[in-house]
Amino acid sequence: MKKFIIALFLGFSAMLQAQNLISGTVTNKINQPIKGVSVYATELHKGTTTDENGKFTFTNLPNGKLKLTFTFIGFGTQNKTISSLQKENTLDVILEETIFEMDEVIVSTAFNKIQSQNVMKVEHESIKEMQRKGTATLIEGLATIPGVSQVSTGTSIGKPVIRGLSGNRVLVYSQGVRMENQQFGDEHGLGLNDSGIESVEVIKGPASLLYGSDALGGVLYFNPEKFADVNTFKANFSQKLFSNTLGSNSSLGLKTSTDNWKFLARGSYNMHSDYKIALPVRSSTSGADGERVSNTRYNETDFKTGIGFNNAKFSSVLRYNYNELDLGIPEDGPEASGAEQTTSKKTGFPKQGVFNHLLSLNNVFFFQKSKLDVDLGYVANDRSEFEDSDVAILHMKLKTFNYDAKYHLPTIGKVETIFGIQGMHQTNTNSGEEYLIPDAITNDFGFFGTANYEWKTNVLQAGLRFDNRKITTQAYGTPGEEGSFEAIEKSYDSFNASLGYKTNLVDDLTLRLNLASGFRAPNLAELTSNGVHEGTNRYEVGNSDLETEQNVQTDLNLEYRTDHFEFFVNGFYNHINNYIYTSPTGMVIDENAVFDYIQNNAKLYGGEIGLHFHPHPLDWLHYETSFETVTGKKQNGDYLPLIPANNWNNTIRTEFKIKNWFDDGFAALNVSTTFGQNNVSGFEIESNGYSLVNLGFGGKVKLGKTAFDISLNGNNLFDKRYIAHLSRLKIDGIPNIGRNIIFGVNFIL
C-alpha cells in the first residue's frame with residue numbers, strides 16, 4: 001500500500017506536460033482594472049491574484065475542461081468554465097459590485113456546480129463568517145445554520161443534528177475523507193477543530209447516492225484551508241480570549257506555493273476552564289460560589305499539514321490532521337453539594353482522552369476529455385475513558401481505511417455522467433476493562449452512476465446506487481452477564497436512487513425539487529449493547545435482528561434573489577422505515593433503567609424560511625431573519641426523541657470602512673429566539689423557550705504596512721439563564737453557558 005500511495009503521488013510528475021496557459025484581465029463595469037482579485041482553480045488546488053493592472057496568468061494547465069472562480073470583497077463572484085483548453089487561452093472577466101453572498105462552487109455534490117446551477121440546495125458557510133458570530137467551537141458555528149442544531153454536553157462536546165437526525169445518521173467528511181470516531185456515543189463529538197478549515201457545506205437530506213450508508217440524514221462536508229497563491233509565502237497568527245471559561249485559542253499557520261508544488265502547516269491549542277452559568281433571576285450577587293459547572297473544562301491540540309503537486313496531467317494533495325482532546329465529564333451541577341468550584345484547566349475525573357489521526361490523499365488524473373478522481377483516506381480514532389485514575393477503564397481503537405474513485409465521462413451534448421465505486425474497511429478493538437461494543441470488522445462496498453442534463457435555466461439530475469455492508473464481531477465475556485457479547489455476522493444490502501430538478505420559474509425565482517432515498521445499517525451499539533452506557537445513564541440491550549433503516553425524502557426549495565432582496569423557503573417530508581430507537585423495558589439493573597433497541601416506522605417533516613434585505617441606497621445596512629421547524633413522529637403517533645425546538649433568528653448588520661485605516665468593518669446585533677419544546681418522547685423532559693441577545697464588531701486595521709483583523713463578540717449578552725432542549729445536562733437541571741465575551745485578533749506575519 002505504501003508503494004502504491006507514493007506512486008500515485010509522485011509517479012505522474014514525470015509525465016509530458018501540455019504547457020497549456022491561460023491569462024486575462026479582470027475589470028469593473030467601467031473598464032477599470034481590479035487589483036487583488038482571487039482567481040482559483042479548485043481541481044488543481046491552485047490560485048493567484050490579479051496585479052495592479054488587473055492581469056492574471058496560469059501555466060501548466062491540463063487539457064479538457066477547466067473551472068475558474070473570481071472573487072473580491074464587494075463584488076459578485078464570477079465562475080467561468082473553459083470547455084476546451086488550447087495551448088494559449090485568453091479570458092477577460094468583468095466583476096459587478098454587489099453586497100450579497102458569493103455564488104460558491106459546491107464541492108460536496110457530484111458535479112461541483114455553483115449553487116445557482118446546483119440541483120440540490122446546499123448550505124455553504126465560511127468558517128470566517130461563523131467565527132464573526134463569536135462561536136467558541138466548530139459545532140456551535142454549525143448550529144447557526146438554519147436546519148442544523150447540536151446535542152451538547154457543556155461547551156466541549158457537540159454532536160450535529162440535521163433536521164432532527166443525528167449520530168450515525170449524519171455523515172461527516174473532512175479533507176475529502178469520511179470521518180469515523182465512534183459516532184454512536186452521546187459523548188463522542190466531531191473530533192475536528194475549525195483551525196485550518198475554510199468552509200462547510202451542509203446537505204440536509206439523504207445523500208446515500210454519493211456517500212453510502214450513514215448519510216441517511218445528511219452530510220457535513222468540511223473544505224480544508226486553501227494553499228497559498230502561486231509563488232507566494234504567507235504566515236498568520238491568531239489569538240482568541242474567552243471571558244466565561246477564561247479560555248484561550250491560539251493558532252499559527254504558514255503556507256507557500258510554487259507553480260507546481262505547494263505546502264502548508266497549521267497548529268492550534270485551546271484550553272478552557274469550567275463554564276459559568278447565569279445567576280438565577282432572584283439573585284443579584286456576582287461572583288458567588290456555585291456558578292461554574294464542575295469538570296466541563298477541556299484542552300485541545302490540533303495540527304494540520306499538507307503538500308500538493310500538480311502539472312498538466314495530474315494533481316495530488318496529501319494532507320494530515322492530528323487532533324488530541326482532553327475532556328472533563330461533568331457529573332454535578334454547580335449547586336450540588338460538594339461541587340468543585342475552580343478555574344483550573346486541568347481536567348478532573350471522570351474524563352476522556354481522544355486521539356484522532358486523519359491522513360488523506362486526493363488525486364485527479366486529467367485525460368483529453370474526461371478525468372478520474374481517486375481519494376484514499378485513513379482515520380485512526382483512539383478513545384479512552386478514565387473513572388478515578390489515569391488507568392483507562394474503557395479503551396477503544398477504531399481504524400478505518402476509505403477509498404473513493406469517480407470517473408467523469410466525456411460530456412455528450414449537454415449530458416454529464418459519472419460512475420464511481422466507494423468502500424471502507426474498519427476494525428474496532430478494545431483493550432480496557434470495560435467494553436461498550438465488541439471487537440469487530442466492518443466492510444463496505446458500493447458502486448453508483450449519476451447523470452446531469454442542463455438546458456437553458458433547467459437542470460435534471462438522476463442517479464442509482466447499490467451498497468453492501470458486512471459486520472463481523474467477536475464473542476466476549478460470559479453469555480448472559482453484563483458486558484458480554486455474542487459473535488454475530490451480518491450482511492446488509494441496499495439500492496438507492498435520487499431524482500432532482502431545478503428551474504427558474506421567472507427571472508430571479510428558482511425552484512428545486514428533489515426526491516431521494518437513503519439507508520443506514522444498524523451500528524455496533526444497536527446490534528450488540530449489553531451494559532451501562534455512561535453517556536446515557538442507561539443499561540442498554542442491543543438487538544442483533546435489527547433491519548436496515550430505509551428512507552425516502554422529498555425536498556422543495558423556492559429561492560428569490562434580486563440586488564437588494566433575498567427570500568427562501570425550504571420544505572421537506574422524510575419517511576423512514578425501520579427507524580431504530582431505544583425504549584424502556586420497565587426493568588432496573590444496578591440502579592439503571594433498562595432500555596431495548598427496537599424499530600418502528602417514522603416520519604419527520606418541517607423546513608426553513610428566511611429573508612435577507614438591505615434597502616437602497618443604504619447598502620451598508622442588512623436585515624436577516626430565518627425560522628426553522630421540524631416535527632418527528634413514530635408510526636403510532638408518539639414523538640421521536642432529540643427533536644430540536646423551533647427557532648427564530650434575527651440579525652441586523654452593518655458594513656463600513658473608516659478612511660484608510662479600518663477596512664471590511666462590521667457590527668451586528670443578533671436575537672435568537674428558541675421556542676418551548678413540548679413534543680417530546682416518553683422519557684424526555686419538556687423544555688421552556690428563551691431568547692439570547694448577541695453583539696459583534698470587527699474588521700481589518702491598517703497601520704502603515706501592518707494589517708491585522710480584530711473581533712469583539714458578546715454572546716448571551718444579558719446573561720440569560722436557560723437550558724437547551726438538546727443539552728445532555730438538562731436531565732440534571734444544569735443550565736447552559738452564561739454571558740461570554742470573546743476577543744480575537746489575527747496578524748498577517
# chains A, B, ... in the order shown; residues from 1 in each chain; ligands from 1
$ residues_around --residues "A:Lys371" --least-positions-apart "2" --cutoff "10 Å" --atoms "only C-alpha atoms" --output "list in words"
Asn63, Gly64, Lys65, Lys313, Phe314, Val364, Phe365, Phe366, Phe367, Gln368, Lys369, Asp373, Val374, Lys406, Tyr407, His408, Leu409, Pro410 and Ile418 of chain A
$ residues_around --residues "stretch 218-221 of chain A" --least-positions-apart "2" --cutoff "9 Å" --atoms "only C-alpha atoms" --output "PDB file with N, CA and C atoms, in the first residue's frame"
ATOM      1  N   VAL A 107     -18.651  21.667  -3.525  1.00  0.00           N
ATOM      2  CA  VAL A 107     -17.749  20.534  -3.699  1.00  0.00           C
ATOM      3  C   VAL A 107     -18.407  19.221  -3.294  1.00  0.00           C
ATOM      4  N   SER A 108     -19.360  19.266  -2.371  1.00  0.00           N
ATOM      5  CA  SER A 108     -19.915  18.052  -1.786  1.00  0.00           C
ATOM      6  C   SER A 108     -20.879  17.316  -2.712  1.00  0.00           C
ATOM      7  N   PRO A 160     -23.676  17.102  15.793  1.00  0.00           N
ATOM      8  CA  PRO A 160     -24.566  17.802  14.869  1.00  0.00           C
ATOM      9  C   PRO A 160     -25.898  17.094  14.686  1.00  0.00           C
ATOM     10  N   ILE A 162     -29.171  17.349  12.015  1.00  0.00           N
ATOM     11  CA  ILE A 162     -29.705  17.919  10.776  1.00  0.00           C
ATOM     12  C   ILE A 162     -31.166  17.515  10.659  1.00  0.00           C
ATOM     13  N   ARG A 163     -32.041  18.494  10.775  1.00  0.00           N
ATOM     14  CA  ARG A 163     -33.485  18.270  10.647  1.00  0.00           C
ATOM     15  C   ARG A 163     -33.951  17.093  11.497  1.00  0.00           C
ATOM     16  N   LEU A 165     -32.212  14.555  12.816  1.00  0.00           N
ATOM     17  CA  LEU A 165     -31.451  13.308  12.762  1.00  0.00           C
ATOM     18  C   LEU A 165     -30.006  13.586  13.162  1.00  0.00           C
ATOM     19  N   SER A 166     -29.423  12.658  13.933  1.00  0.00           N
ATOM     20  CA  SER A 166     -28.075  12.889  14.452  1.00  0.00           C
ATOM     21  C   SER A 166     -27.343  11.557  14.576  1.00  0.00           C
ATOM     22  N   ARG A 169     -26.590   8.878  11.757  1.00  0.00           N
ATOM     23  CA  ARG A 169     -27.424   9.242  10.612  1.00  0.00           C
ATOM     24  C   ARG A 169     -26.908  10.481   9.891  1.00  0.00           C
ATOM     25  N   VAL A 170     -25.888  11.124  10.438  1.00  0.00           N
ATOM     26  CA  VAL A 170     -25.256  12.286   9.802  1.00  0.00           C
ATOM     27  C   VAL A 170     -23.805  11.938   9.518  1.00  0.00           C
ATOM     28  N   LEU A 171     -23.419  12.002   8.260  1.00  0.00           N
ATOM     29  CA  LEU A 171     -22.066  11.654   7.844  1.00  0.00           C
ATOM     30  C   LEU A 171     -21.207  12.910   7.805  1.00  0.00           C
ATOM     31  N   VAL A 172     -19.968  12.788   8.279  1.00  0.00           N
ATOM     32  CA  VAL A 172     -19.043  13.922   8.331  1.00  0.00           C
ATOM     33  C   VAL A 172     -17.841  13.625   7.453  1.00  0.00           C
ATOM     34  N   TYR A 173     -17.527  14.577   6.564  1.00  0.00           N
ATOM     35  CA  TYR A 173     -16.361  14.464   5.684  1.00  0.00           C
ATOM     36  C   TYR A 173     -15.394  15.599   5.987  1.00  0.00           C
ATOM     37  N   SER A 174     -14.108  15.279   6.068  1.00  0.00           N
ATOM     38  CA  SER A 174     -13.056  16.279   6.218  1.00  0.00           C
ATOM     39  C   SER A 174     -11.887  15.876   5.332  1.00  0.00           C
ATOM     40  N   GLN A 175     -11.299  16.848   4.644  1.00  0.00           N
ATOM     41  CA  GLN A 175     -10.206  16.582   3.706  1.00  0.00           C
ATOM     42  C   GLN A 175     -10.623  15.576   2.632  1.00  0.00           C
ATOM     43  N   GLY A 176     -11.914  15.552   2.289  1.00  0.00           N
ATOM     44  CA  GLY A 176     -12.411  14.622   1.280  1.00  0.00           C
ATOM     45  C   GLY A 176     -12.544  13.205   1.774  1.00  0.00           C
ATOM     46  N   SER A 199     -14.361  26.244   5.033  1.00  0.00           N
ATOM     47  CA  SER A 199     -15.823  26.366   4.953  1.00  0.00           C
ATOM     48  C   SER A 199     -16.462  25.007   5.181  1.00  0.00           C
ATOM     49  N   VAL A 200     -17.785  25.027   5.340  1.00  0.00           N
ATOM     50  CA  VAL A 200     -18.545  23.791   5.486  1.00  0.00           C
ATOM     51  C   VAL A 200     -19.731  23.841   4.537  1.00  0.00           C
ATOM     52  N   GLU A 201     -20.059  22.686   3.972  1.00  0.00           N
ATOM     53  CA  GLU A 201     -21.247  22.524   3.137  1.00  0.00           C
ATOM     54  C   GLU A 201     -22.173  21.519   3.815  1.00  0.00           C
ATOM     55  N   VAL A 202     -23.448  21.856   3.887  1.00  0.00           N
ATOM     56  CA  VAL A 202     -24.426  21.031   4.596  1.00  0.00           C
ATOM     57  C   VAL A 202     -25.468  20.536   3.608  1.00  0.00           C
ATOM     58  N   ILE A 203     -25.510  19.220   3.425  1.00  0.00           N
ATOM     59  CA  ILE A 203     -26.574  18.589   2.639  1.00  0.00           C
ATOM     60  C   ILE A 203     -27.645  18.143   3.634  1.00  0.00           C
ATOM     61  N   LYS A 204     -28.823  18.736   3.558  1.00  0.00           N
ATOM     62  CA  LYS A 204     -29.904  18.442   4.505  1.00  0.00           C
ATOM     63  C   LYS A 204     -30.878  17.464   3.861  1.00  0.00           C
ATOM     64  N   GLY A 205     -30.568  16.181   4.024  1.00  0.00           N
ATOM     65  CA  GLY A 205     -31.405  15.160   3.419  1.00  0.00           C
ATOM     66  C   GLY A 205     -30.552  13.973   3.038  1.00  0.00           C
ATOM     67  N   PRO A 206     -31.183  12.856   2.612  1.00  0.00           N
ATOM     68  CA  PRO A 206     -30.415  11.646   2.297  1.00  0.00           C
ATOM     69  C   PRO A 206     -29.418  11.895   1.170  1.00  0.00           C
ATOM     70  N   ALA A 207     -28.158  11.498   1.409  1.00  0.00           N
ATOM     71  CA  ALA A 207     -27.109  11.644   0.405  1.00  0.00           C
ATOM     72  C   ALA A 207     -26.425  10.307   0.167  1.00  0.00           C
ATOM     73  N   SER A 208     -27.197   9.225   0.327  1.00  0.00           N
ATOM     74  CA  SER A 208     -26.626   7.891   0.182  1.00  0.00           C
ATOM     75  C   SER A 208     -26.152   7.611  -1.231  1.00  0.00           C
ATOM     76  N   TYR A 211     -22.600   8.948  -0.921  1.00  0.00           N
ATOM     77  CA  TYR A 211     -21.787   8.642   0.256  1.00  0.00           C
ATOM     78  C   TYR A 211     -22.103   7.315   0.933  1.00  0.00           C
ATOM     79  N   ASP A 214     -25.049   5.626   6.325  1.00  0.00           N
ATOM     80  CA  ASP A 214     -24.882   6.650   7.356  1.00  0.00           C
ATOM     81  C   ASP A 214     -25.104   8.063   6.837  1.00  0.00           C
ATOM     82  N   ALA A 215     -25.366   8.233   5.549  1.00  0.00           N
ATOM     83  CA  ALA A 215     -25.730   9.551   5.030  1.00  0.00           C
ATOM     84  C   ALA A 215     -27.246   9.668   4.927  1.00  0.00           C
ATOM     85  N   LEU A 216     -27.952   8.903   5.753  1.00  0.00           N
ATOM     86  CA  LEU A 216     -29.415   8.884   5.732  1.00  0.00           C
ATOM     87  C   LEU A 216     -29.999  10.257   6.025  1.00  0.00           C
ATOM     88  N   ASN A 223     -14.450  21.796   3.969  1.00  0.00           N
ATOM     89  CA  ASN A 223     -13.422  22.102   2.982  1.00  0.00           C
ATOM     90  C   ASN A 223     -12.178  22.634   3.684  1.00  0.00           C
TER      91      ASN A 223
END
$ residues_around --residues "stretch 703-720 of chain A" --least-positions-apart "5" --cutoff "10 Å" --atoms "only C-alpha atoms" --output "ChimeraX atom specification"
/A:131-136,236-244,277-281,660-672,690-698,735-749
$ closest_atom_pairs --of "stretch 29-123 of chain A" --to "stretch 456-465 of chain A" --cutoff "9 Å" --atoms "only C-alpha atoms" --output "tab-separated table"
residue	atom	partner	partner_atom	distance
A:Gln117	CA	A:Val459	CA	7.5
A:Asn118	CA	A:Val459	CA	7.9
A:Val119	CA	A:Val459	CA	6.5
$ residues_around --residues "A:His395" --least-positions-apart "2" --cutoff "9 Å" --atoms "only C-alpha atoms" --output "VMD selection string"
chain A and resid 382 to 385 392 to 393 397 429 to 435
$ atom_distance --atom1 "atom CA of A:Met271" --atom2 "atom CA of A:Arg297"
7.7 Å
$ select_by_dssp --residues "stretch 555-649 of chain A" --states "strand (DSSP E)" --output "PyMOL selection string"
chain A and resi 555-561+565-589+592-613+621-634+647-649
$ closest_residue --among "A:Glu198, A:Glu88, A:Glu140, A:Glu559" --to "A:His124" --atoms "only C-alpha atoms"
A:Glu198
$ closest_atom_pairs --of "stretch 508-529 of chain A" --to "stretch 492-496 of chain A" --cutoff "12 Å" --atoms "only C-alpha atoms" --output "CSV"
residue,atom,partner,partner_atom,distance
A:Leu515,CA,A:Asn496,CA,10.9
A:Ala516,CA,A:Asn496,CA,7.7
A:Ser517,CA,A:Asn496,CA,5.5
A:Gly518,CA,A:Asn496,CA,6.1
A:Phe519,CA,A:Ser494,CA,7.1
A:Arg520,CA,A:Ser494,CA,9.0
A:Ala521,CA,A:Tyr492,CA,6.6
A:Pro522,CA,A:Tyr492,CA,9.1
A:Asn523,CA,A:Tyr492,CA,11.5
$ closest_residue --among "A:Ile329, A:Val122, A:Val354, A:Leu66" --to "A:Ser156" --atoms "only C-alpha atoms"
A:Ile329
$ closest_residue --among "A:Leu499, A:Val630, A:Ile731, A:Met396" --to "A:Asn537" --atoms "only C-alpha atoms"
A:Ile731
$ closest_residue --among "A:His564, A:Glu225, A:Ala405, A:Ser389" --to "A:Asn362" --atoms "only C-alpha atoms"
A:Ala405
$ closest_residue --among "A:Pro33, A:Gly531, A:Gly185, A:Pro479" --to "A:Asp590" --atoms "only C-alpha atoms"
A:Gly531
